file structure02.cif (mmCIF, C-alpha atoms)
data_input
loop_
_atom_site.label_atom_id
_atom_site.label_comp_id
_atom_site.auth_asym_id
_atom_site.auth_seq_id
_atom_site.Cartn_x
_atom_site.Cartn_y
_atom_site.Cartn_z
CA MET A 1 -20.23 -42.96 -43.62
CA THR A 2 -19.59 -39.28 -43.89
CA PHE A 3 -17.43 -37.42 -41.38
CA TYR A 4 -17.90 -33.73 -40.70
CA LYS A 5 -14.54 -32.08 -40.77
CA ARG A 6 -14.27 -29.36 -38.11
CA ASN A 7 -12.15 -26.37 -38.89
CA GLU A 8 -9.41 -25.12 -36.62
CA LYS A 9 -11.53 -22.27 -35.20
CA GLU A 10 -14.29 -24.59 -34.00
CA ILE A 11 -11.78 -26.88 -32.34
CA LEU A 12 -10.29 -23.96 -30.39
CA LEU A 13 -13.75 -22.82 -29.23
CA ILE A 14 -14.58 -26.33 -28.00
CA LEU A 15 -11.31 -26.59 -26.08
CA LEU A 16 -11.90 -23.14 -24.54
CA ALA A 17 -15.42 -24.15 -23.42
CA ILE A 18 -14.08 -27.35 -21.86
CA PHE A 19 -11.42 -25.33 -19.99
CA ILE A 20 -13.96 -22.82 -18.63
CA VAL A 21 -16.38 -25.53 -17.45
CA GLY A 22 -13.56 -27.45 -15.80
CA THR A 23 -12.32 -24.35 -13.98
CA ILE A 24 -15.80 -23.60 -12.66
CA LEU A 25 -16.24 -27.16 -11.41
CA ILE A 26 -12.88 -27.07 -9.60
CA TRP A 27 -13.72 -23.69 -7.99
CA VAL A 28 -17.09 -24.98 -6.79
CA ASP A 29 -15.54 -28.15 -5.39
CA LEU A 30 -12.62 -26.49 -3.59
CA GLY A 31 -13.84 -23.01 -2.78
CA MET A 32 -17.50 -23.06 -1.86
CA ASN A 33 -17.06 -25.12 1.29
CA SER A 34 -15.00 -22.33 2.90
CA PHE A 35 -16.99 -19.37 1.58
CA SER A 36 -19.32 -17.61 4.02
CA PHE A 37 -21.48 -14.52 4.15
CA VAL A 38 -21.44 -14.50 7.98
CA ARG A 39 -19.76 -11.37 9.29
CA PRO A 40 -16.80 -12.33 11.50
CA THR A 41 -16.84 -11.21 15.12
CA GLY A 42 -14.42 -11.14 18.03
CA GLN A 43 -11.08 -12.79 17.33
CA GLU A 44 -12.10 -13.65 13.73
CA ALA A 45 -12.89 -9.99 13.08
CA LEU A 46 -9.47 -9.01 14.36
CA ALA A 47 -7.80 -11.53 12.08
CA ASP A 48 -9.80 -10.14 9.15
CA SER A 49 -8.64 -6.57 9.84
CA ASP A 50 -5.69 -5.14 7.94
CA SER A 51 -4.82 -2.84 10.83
CA ILE A 52 -4.73 -5.35 13.67
CA ALA A 53 -2.47 -8.35 14.03
CA VAL A 54 -3.66 -11.22 16.21
CA VAL A 55 -1.62 -13.49 18.44
CA ASP A 56 -2.15 -17.17 17.59
CA SER A 57 -3.88 -18.51 20.69
CA VAL A 58 -3.83 -22.09 19.38
CA GLY A 59 -0.08 -22.52 19.22
CA ILE A 60 1.84 -23.84 22.22
CA VAL A 61 3.76 -21.07 24.00
CA GLU A 62 6.45 -21.77 26.59
CA LYS A 63 5.50 -19.95 29.77
CA HIS A 64 8.27 -18.23 31.71
CA ASP A 65 8.29 -17.08 35.31
CA VAL A 66 8.64 -13.30 34.91
CA ARG A 67 8.47 -10.95 37.86
CA TYR A 68 9.17 -7.24 38.26
CA GLU A 69 10.37 -5.13 41.16
CA LEU A 70 10.58 -1.35 41.67
CA ARG A 71 13.94 -0.66 43.29
CA GLU A 72 13.70 2.19 45.79
CA ASP A 73 17.29 3.49 45.70
CA ASP A 74 17.16 4.68 42.06
CA ASN A 75 13.47 4.06 41.19
CA SER A 76 14.41 1.58 38.47
CA ILE A 77 12.63 -1.56 37.31
CA ILE A 78 14.32 -4.92 37.99
CA ALA A 79 13.05 -8.05 36.24
CA TYR A 80 13.44 -11.71 37.12
CA ILE A 81 13.11 -14.21 34.27
CA ASP A 82 13.06 -17.80 35.49
CA GLY A 83 14.96 -16.67 38.57
CA LYS A 84 17.61 -14.65 36.71
CA CYS A 85 17.86 -11.01 37.88
CA ILE A 86 18.04 -8.46 35.06
CA ASN A 87 18.31 -4.67 35.20
CA THR A 88 15.79 -3.50 32.58
CA GLY A 89 17.36 -0.04 32.32
CA ILE A 90 13.92 1.53 32.77
CA ARG A 91 13.74 4.26 35.42
CA ASP A 92 12.55 7.83 35.99
CA ARG A 93 13.39 10.09 33.06
CA GLU A 94 13.33 13.76 32.12
CA GLU A 95 12.21 15.02 28.73
CA ASP A 96 11.63 18.66 27.73
CA ASN A 97 11.47 19.84 31.37
CA VAL A 98 8.97 17.10 32.20
CA THR A 99 9.86 14.42 34.75
CA ASN A 100 8.19 11.03 34.42
CA CYS A 101 8.35 9.41 37.85
CA ILE A 102 7.45 5.73 38.35
CA ILE A 103 4.95 5.58 41.22
CA LYS A 104 4.35 1.83 41.40
CA ILE A 105 3.92 -1.41 39.46
CA ASP A 106 0.15 -1.57 38.90
CA ASN A 107 -0.02 -5.08 37.48
CA THR A 108 1.95 -7.92 35.90
CA VAL A 109 0.23 -9.85 33.10
CA ASP A 110 1.10 -11.52 29.79
CA LEU A 111 -0.71 -9.13 27.46
CA ASP A 112 0.32 -10.72 24.14
CA ASN A 113 0.41 -14.42 25.10
CA ASP A 114 4.10 -14.78 24.21
CA GLY A 115 5.02 -16.50 27.49
CA TYR A 116 6.64 -13.38 29.01
CA ALA A 117 4.55 -11.24 31.35
CA GLU A 118 4.54 -7.47 30.93
CA ALA A 119 4.61 -4.94 33.78
CA ILE A 120 2.04 -2.13 33.87
CA LEU A 121 3.54 0.92 35.59
CA MET A 122 1.77 3.92 37.05
CA VAL A 123 3.78 7.00 36.08
CA GLU A 124 3.27 10.62 37.10
CA ALA A 125 4.36 13.38 34.75
CA SER A 126 5.28 16.68 36.39
CA SER A 127 7.33 19.74 35.71
CA THR A 128 11.00 19.32 36.49
CA GLY A 129 11.28 20.14 40.15
CA GLY A 130 7.83 18.74 40.90
CA ASN A 131 5.97 22.05 41.22
CA LEU A 132 3.23 21.18 38.73
CA SER A 133 1.67 17.77 38.10
CA PHE A 134 0.38 16.93 34.63
CA GLY A 135 -1.43 13.80 35.80
CA PHE A 136 -0.87 10.06 35.61
CA HIS A 137 -0.42 7.64 32.73
CA SER A 138 0.55 4.00 32.33
CA GLU A 139 3.67 2.51 30.78
CA ILE A 140 4.06 -1.07 29.59
CA VAL A 141 7.40 -2.77 30.21
CA HIS A 142 7.94 -5.79 27.97
CA TYR A 143 10.73 -8.20 27.08
CA ASP A 144 11.69 -8.18 23.39
CA GLN A 145 12.89 -11.70 22.57
CA PHE A 146 14.47 -10.67 19.27
CA SER A 147 16.72 -7.94 20.70
CA ASP A 148 17.02 -9.63 24.11
CA LYS A 149 16.19 -6.27 25.75
CA PHE A 150 13.44 -4.74 27.85
CA LYS A 151 11.48 -1.88 26.33
CA ASN A 152 8.64 0.36 27.48
CA ILE A 153 5.84 2.26 25.76
CA GLU A 154 3.35 4.82 27.07
CA PHE A 155 -0.35 4.16 27.34
CA ILE A 156 -2.41 7.29 27.94
CA SER A 157 -5.73 6.12 29.33
CA GLN A 158 -6.97 9.73 29.58
CA SER A 159 -8.95 9.13 32.72
CA ARG A 160 -9.15 11.17 35.89
CA TYR A 161 -8.32 8.00 37.79
CA GLU A 162 -4.85 6.70 38.30
CA SER A 163 -4.93 2.97 37.64
CA CYS A 164 -4.97 1.39 34.20
CA ILE A 165 -7.97 -0.88 33.49
CA ILE A 166 -7.04 -4.34 32.19
CA GLU A 167 -9.71 -6.88 31.30
CA ARG A 168 -10.15 -10.11 29.33
CA TRP A 169 -11.46 -9.84 25.80
CA CYS A 170 -11.46 -12.39 22.96
CA ASP A 171 -9.23 -14.84 24.88
CA GLN A 172 -6.54 -12.26 25.62
CA TRP A 173 -5.89 -9.28 27.87
CA SER A 174 -6.85 -5.80 26.75
CA LEU A 175 -6.35 -2.26 28.00
CA VAL A 176 -9.18 0.26 28.27
CA ALA A 177 -8.74 3.95 27.40
CA ASN A 178 -10.94 7.06 27.37
CA TYR A 179 -13.22 5.59 29.99
CA GLN A 180 -14.03 8.82 31.83
CA SER A 181 -17.62 8.31 30.74
CA SER A 182 -19.46 5.22 31.96
CA PHE A 183 -21.03 4.94 28.51
CA TYR A 184 -17.98 5.12 26.22
CA PHE A 185 -14.51 3.59 25.99
CA GLU A 186 -11.82 2.44 23.58
CA ARG A 187 -10.14 -0.96 23.82
CA TYR A 188 -6.52 -1.65 22.89
CA ILE A 189 -4.52 -4.86 22.59
CA PHE A 190 -0.77 -5.29 22.89
CA VAL A 191 0.70 -6.92 19.75
CA ASN A 192 4.31 -7.15 18.53
CA GLY A 193 5.55 -4.64 21.08
CA GLY A 194 2.89 -2.03 20.28
CA LEU A 195 -0.67 -1.03 21.07
CA GLN A 196 -3.45 -1.34 18.51
CA LYS A 197 -7.06 -0.22 18.86
CA ALA A 198 -9.40 -3.21 18.81
CA GLU A 199 -12.80 -1.58 19.25
CA THR A 200 -14.77 1.48 20.32
CA VAL A 201 -17.87 0.90 22.47
CA GLU A 202 -20.62 3.46 23.08
CA LYS A 203 -23.90 3.13 24.99
CA ASP A 204 -26.86 5.52 25.07
CA VAL A 205 -26.97 7.90 28.04
CA PRO A 206 -30.30 7.78 29.95
CA GLN A 207 -32.25 10.89 30.91
CA SER A 208 -32.49 11.84 34.59
CA VAL A 209 -35.82 12.60 36.26
CA LEU A 210 -34.29 14.98 38.81
CA ALA A 211 -31.12 17.07 38.81
CA TYR A 212 -28.98 18.63 41.52
CA THR A 213 -26.54 21.34 40.53
CA LEU A 214 -24.01 23.31 42.53
CA GLU A 215 -25.47 26.55 41.22
CA SER A 216 -29.07 25.73 42.17
CA LEU A 217 -28.30 24.42 45.66
CA PHE A 218 -25.46 26.73 46.66
CA PRO A 219 -25.58 29.80 44.38
CA ASN A 220 -23.64 32.01 46.81
CA GLY A 221 -20.84 29.57 47.58
CA GLY A 222 -18.57 30.69 50.39
CA SER A 223 -15.47 29.53 52.21
CA GLU A 224 -17.24 27.35 54.78
CA PRO A 225 -19.04 24.03 54.21
CA LEU A 226 -22.80 24.19 53.67
CA TRP A 227 -25.49 21.51 53.68
CA TYR A 228 -28.75 21.22 51.74
CA LEU A 229 -31.48 18.83 52.82
CA THR A 230 -33.83 17.58 50.08
CA LEU A 231 -36.63 15.03 50.13
CA TYR A 232 -37.07 12.40 47.44
CA ASP A 233 -38.44 8.85 47.44
CA ILE A 234 -35.18 7.28 46.29
CA ASN A 235 -36.24 3.66 47.00
CA ASP A 236 -39.85 3.92 45.72
CA ASP A 237 -41.46 2.80 48.97
CA GLY A 238 -44.01 5.60 48.80
CA GLU A 239 -42.35 7.68 51.55
CA PRO A 240 -39.91 10.61 51.10
CA ASP A 241 -36.28 9.98 52.05
CA GLU A 242 -33.78 12.60 53.23
CA ILE A 243 -30.95 13.28 50.80
CA MET A 244 -28.25 15.49 52.28
CA MET A 245 -26.23 17.41 49.69
CA ALA A 246 -23.18 19.41 50.76
CA TYR A 247 -20.81 22.11 49.55
CA PRO A 248 -17.25 21.69 50.93
CA GLY A 249 -16.43 25.41 50.86
CA ASN A 250 -13.98 27.09 48.52
CA ALA A 251 -11.16 26.72 51.05
CA HIS A 252 -11.52 22.93 51.03
CA VAL A 253 -8.74 20.76 49.60
CA TYR A 254 -11.18 19.14 47.16
CA ASN A 255 -10.90 21.32 44.06
CA TRP A 256 -11.36 24.47 46.14
CA GLY A 257 -15.01 23.69 46.79
CA ASN A 258 -16.11 23.42 43.16
CA LEU A 259 -17.68 20.07 43.96
CA LEU A 260 -21.11 18.86 44.93
CA VAL A 261 -21.12 16.24 47.69
CA LEU A 262 -23.76 13.60 48.39
CA ASN A 263 -23.21 13.55 52.14
CA ASN A 264 -25.66 10.94 53.38
CA ILE A 265 -29.08 9.39 52.81
CA ILE A 266 -31.60 8.80 55.58
CA LEU A 267 -34.38 6.45 54.47
CA SER A 268 -37.97 6.84 55.65
CA ASN A 269 -37.45 3.92 58.05
CA GLY A 270 -34.74 5.92 59.84
CA LYS A 271 -31.73 3.99 58.50
CA LYS A 272 -28.82 6.32 57.68
CA HIS A 273 -26.28 5.60 54.94
CA SER A 274 -23.10 7.69 54.87
CA VAL A 275 -22.21 8.09 51.20
CA ASN A 276 -19.70 11.00 51.07
CA LEU A 277 -19.35 11.06 47.29
CA ALA A 278 -17.84 14.19 45.74
CA PHE A 279 -18.96 15.02 42.21
CA GLN A 280 -17.27 17.45 39.87
CA GLY A 281 -20.49 18.16 37.98
CA ASN A 282 -24.28 17.94 38.18
CA VAL A 283 -25.97 14.90 39.74
CA GLY A 284 -29.20 13.38 38.44
CA ILE A 285 -31.52 10.62 39.64
CA LEU A 286 -32.52 8.02 37.04
CA GLN A 287 -35.66 5.92 36.70
CA THR A 288 -33.63 2.69 36.77
CA LYS A 289 -32.86 1.03 40.10
CA THR A 290 -30.20 -1.31 41.48
CA ASN A 291 -30.66 -3.23 44.75
CA GLY A 292 -33.81 -1.23 45.49
CA MET A 293 -32.35 2.28 45.04
CA HIS A 294 -32.52 4.63 42.06
CA ASP A 295 -29.34 4.90 40.00
CA LEU A 296 -27.48 8.23 39.91
CA ILE A 297 -25.79 9.92 36.98
CA GLU A 298 -23.05 12.56 37.09
CA GLN A 299 -22.53 15.06 34.27
CA TRP A 300 -19.51 17.31 33.88
CA GLU A 301 -17.54 19.17 31.24
CA GLY A 302 -14.54 17.24 29.97
CA ALA A 303 -11.65 18.65 27.98
CA SER A 304 -13.51 18.33 24.67
CA GLN A 305 -16.96 16.93 25.46
CA VAL A 306 -19.64 16.47 28.10
CA LEU A 307 -18.99 13.32 30.14
CA PHE A 308 -21.32 11.11 32.17
CA ARG A 309 -20.75 8.65 35.00
CA LEU A 310 -23.27 6.16 36.36
CA TYR A 311 -23.54 5.21 40.04
CA LYS A 312 -25.30 2.09 41.35
CA TRP A 313 -26.29 1.05 44.87
CA ASP A 314 -24.55 -1.98 46.37
CA GLY A 315 -26.87 -2.31 49.37
CA ASN A 316 -25.01 0.18 51.55
CA THR A 317 -23.65 2.97 49.34
CA TYR A 318 -23.22 4.13 45.74
CA HIS A 319 -20.34 3.10 43.49
CA ALA A 320 -19.34 4.32 40.04
CA VAL A 321 -19.74 1.75 37.27
CA ARG A 322 -18.82 1.56 33.60
CA TRP A 323 -20.19 -0.43 30.67
CA ASN A 324 -17.56 -2.97 29.51
CA GLY A 325 -19.41 -4.01 26.37
CA SER A 326 -21.58 -6.68 27.97
CA GLN A 327 -22.35 -5.64 31.55
CA TRP A 328 -21.91 -2.93 34.18
CA VAL A 329 -18.70 -3.28 36.21
CA ARG A 330 -17.25 -1.21 39.02
CA TYR A 331 -14.29 1.07 38.56
CA ASP A 332 -11.36 -0.02 40.69
CA ASP A 333 -10.85 3.47 42.12
CA ALA A 334 -13.77 5.51 40.90
CA GLU A 335 -15.02 7.56 43.84
CA TRP A 336 -13.78 10.80 45.24
CA GLU A 337 -14.62 10.71 48.92
CA CYS A 338 -15.30 13.91 50.83
CA VAL A 339 -16.20 13.44 54.50
CA LEU A 340 -17.82 16.47 56.13
CA ASN A 341 -18.97 16.68 59.73
CA ASP A 342 -22.63 17.70 59.59
CA GLU A 343 -23.26 17.81 63.34
CA ASP A 344 -23.04 21.63 63.34
CA ALA A 345 -24.23 22.04 59.77
CA GLU A 346 -25.43 25.35 58.44
CA PHE A 347 -28.38 24.48 56.22
CA VAL A 348 -29.37 26.43 53.15
CA VAL A 349 -32.93 26.67 51.88
CA GLU A 350 -33.75 28.52 48.67
CA GLU A 351 -37.20 29.33 47.36
CA GLU A 352 -36.32 27.90 43.96
CA VAL A 353 -34.94 24.42 44.38
CA VAL A 354 -34.45 21.42 42.17
CA GLU A 355 -37.36 20.16 40.13
CA ALA A 356 -39.90 17.85 41.80
CA VAL A 357 -38.79 18.74 45.35
CA ASP A 358 -41.36 20.05 47.84
CA THR A 359 -39.83 23.28 49.16
CA ALA A 360 -42.32 23.57 52.03
CA ALA A 361 -41.47 20.07 53.21
CA ILE A 362 -37.78 20.91 53.05
CA ALA A 363 -38.29 24.04 55.15
CA ASP A 364 -40.27 22.11 57.75
CA GLU A 365 -37.55 19.46 57.98
CA VAL A 366 -34.82 22.07 58.36
CA ASN A 367 -36.74 23.89 61.08
CA GLU A 368 -37.13 20.65 63.02
CA ILE A 369 -33.38 20.00 62.80
CA GLU A 370 -32.49 23.51 63.88
#

call {"tool": "encode", "arguments": {"input": "structure02.cif", "output": "structure tokens"}}
result
Amino acid sequence: MTFYKRNEKEILLILLAIFIVGTILIWVDLGMNSFSFVRPTGQEALADSDSIAVVDSVGIVEKHDVRYELREDDNSIIAYIDGKCINTGIRDREEDNVTNCIIKIDNTVDLDNDGYAEAILMVEASSTGGNLSFGFHSEIVHYDQFSDKFKNIEFISQSRYESCIIERWCDQWSLVANYQSSFYFERYIFVNGGLQKAETVEKDVPQSVLAYTLESLFPNGGSEPLWYLTLYDINDDGEPDEIMMAYPGNAHVYNWGNLLVLNNIILSNGKKHSVNLAFQGNVGILQTKTNGMHDLIEQWEGASQVLFRLYKWDGNTYHAVRWNGSQWVRYDDAEWECVLNDEDAEFVVEEEVVEAVDTAAIADEVNEIE
């Protein structure tokens, strides 16, 4: 029997091949079961992000009874943890001739699931002395377990409305910012004592079929309130409905009259709905309907962009709504109300009125009222 004697080089190549094959088999056995091409969403997407830390919602967290109180004598925040009263040290403060005054405690909720509820404060910033208001913002008061102290951080929601929007998202609470437009917002979560952006949501803005503008209805303005009666089939029953638009007058407390007011709607069946919504921009009627009435859209110039707000009918009046990523929801405090007495109204009729409105019909209706 003859044996083939392998040289040292061949032996090394064989051993290397065995090592490579063995490594591949181990990787296939241990790694492939957990490998996936499915793009993570929601909480998994947050965990996969380098910029966002996620609270472990599976672990058991000891819940504490945490309550907050705004003390009137010095406008400071008092906390109660499991019945123990603690002065948080958080109160009104002055910085660079700006006074931040705590108006109220908007909400109390455990934002980061650590067992200690946070307080959401409404704070007004104004010039020292209170002569000029810079608007409202929110501040989050939270208990830091590591330092055993209460801390607070600002949250600028950048909305014309006062209250901070808090809503559930991915099994935790989130805060909504930049929600002036019904079709755009940014979502933040509270993690490790700080705020981190979780997502940006944007929805297409629909086109209106009819537009009312302050310039087209009331081009001359004036110091006294004015009313403008238009006809439009706003519930699609085949009959024109009366839509009363109003101008508050430039001496009015509402933005010195630079607003357009939807005063009331009188349907063709004679039923009157007092709406009294004040808009700071143009108002359009959309093709879409809610509860039998066409949706409305408001358009105005923001600080850096054109903004839009959607209004839907609830069966009796219109309310502003915003897209929360899955459905339309109402703002908590989204309407500016302007109530004008139209019993002695001075009506305005222009030859050139808004598109798709019958000017002759408007004139006839006004003459009948007068």

call {"tool": "closest_residue", "arguments": {"input": "structure02.cif", "among": "A:Trp173, A:Val191, A:Ile297, A:His273", "to": "A:Tyr212", "atoms": "only C-alpha atoms"}}
result
A:Ile297

call {"tool": "residues_around", "arguments": {"input": "structure02.cif", "residues": "A:Phe190", "least_positions_apart": "5", "cutoff": "10 Å", "atoms": "all atoms listed in the file", "output": "list of chain:residue names"}}
result
A:Ala53, A:Val54, A:Val55, A:Asp110, A:Leu111, A:Asp112, A:Asn113, A:Glu118, A:Ile140, A:Gln172, A:Trp173, A:Ser174, A:Leu175, A:Leu195, A:Gln196, A:Lys197, A:Ala198

call {"tool": "atom_distance", "arguments": {"input": "structure02.cif", "atom1": "atom CA of A:Asp237", "atom2": "atom CA of A:Lys289"}}
result
12.5 Å

call {"tool": "atom_distance", "arguments": {"input": "structure02.cif", "atom1": "atom CA of A:Trp227", "atom2": "atom CA of A:Arg330"}}
result
28.3 Å

call {"tool": "closest_residue", "arguments": {"input": "structure02.cif", "among": "A:Val123, A:Val66, A:Thr200, A:Ser181", "to": "A:His142", "atoms": "all atoms listed in the file"}}
result
A:Val66

call {"tool": "resolve_selection", "arguments": {"input": "structure02.cif", "expression": "the PyMOL selection byres ((chain A and resi 284) around 10)", "output": "PyMOL selection string"}}
result
chain A and resi 207-213+281-283+285-286+295-299+310

call {"tool": "atom_distance", "arguments": {"input": "structure02.cif", "atom1": "atom CA of A:Glu69", "atom2": "atom CA of A:Ser126"}}
result
22.9 Å

call {"tool": "closest_residue", "arguments": {"input": "structure02.cif", "among": "A:Trp313, A:Trp328, A:Phe150, A:Tyr318", "to": "A:Ile78", "atoms": "all atoms listed in the file"}}
result
A:Phe150

call {"tool": "resolve_selection", "arguments": {"input": "structure02.cif", "expression": "the PyMOL selection byres ((chain A and resi 226) around 6)", "output": "PyMOL selection string"}}
result
chain A and resi 225+227+246-247+346

call {"tool": "resolve_selection", "arguments": {"input": "structure02.cif", "expression": "the PyMOL selection byres ((chain A and resi 266) around 10)", "output": "list of chain:residue names"}}
result
A:Leu231, A:Pro240, A:Asp241, A:Glu242, A:Ile243, A:Met244, A:Asn264, A:Ile265, A:Leu267, A:Ser268, A:Asn269, A:Gly270, A:Lys271, A:Lys272, A:His273, A:Ser274

call {"tool": "residues_near_point", "arguments": {"input": "structure02.cif", "point": "(-3.3, 2.1, 29.8)", "cutoff": "6 Å", "atoms": "only C-alpha atoms", "output": "list in words"}}
result
Ser138, Phe155, Ile156, Ser157, Cys164 and Leu175 of chain A

call {"tool": "closest_residue", "arguments": {"input": "structure02.cif", "among": "A:Met122, A:Ile234, A:Ser147, A:Gly325", "to": "A:Thr288", "atoms": "only C-alpha atoms"}}
result
A:Ile234

call {"tool": "residues_around", "arguments": {"input": "structure02.cif", "residues": "A:Tyr143", "least_positions_apart": "4", "cutoff": "10 Å", "atoms": "all atoms listed in the file", "output": "list in words"}}
result
Val66, Ala79, Ile81, Thr88, Asp114, Tyr116, Ala117, Glu118, Ala119, Ser147, Asp148, Lys149, Phe150, Lys151, Asn152 and Gly193 of chain A

call {"tool": "closest_residue", "arguments": {"input": "structure02.cif", "among": "A:Glu72, A:Asp106, A:Glu215, A:Asp204", "to": "A:Arg91", "atoms": "all atoms listed in the file"}}
result
A:Glu72

call {"tool": "residues_near_point", "arguments": {"input": "structure02.cif", "point": "(10.5, -14.1, 35.2)", "cutoff": "6 Å", "atoms": "all atoms listed in the file", "output": "list of chain:residue names"}}
result
A:His64, A:Asp65, A:Val66, A:Arg67, A:Tyr80, A:Ile81, A:Asp82
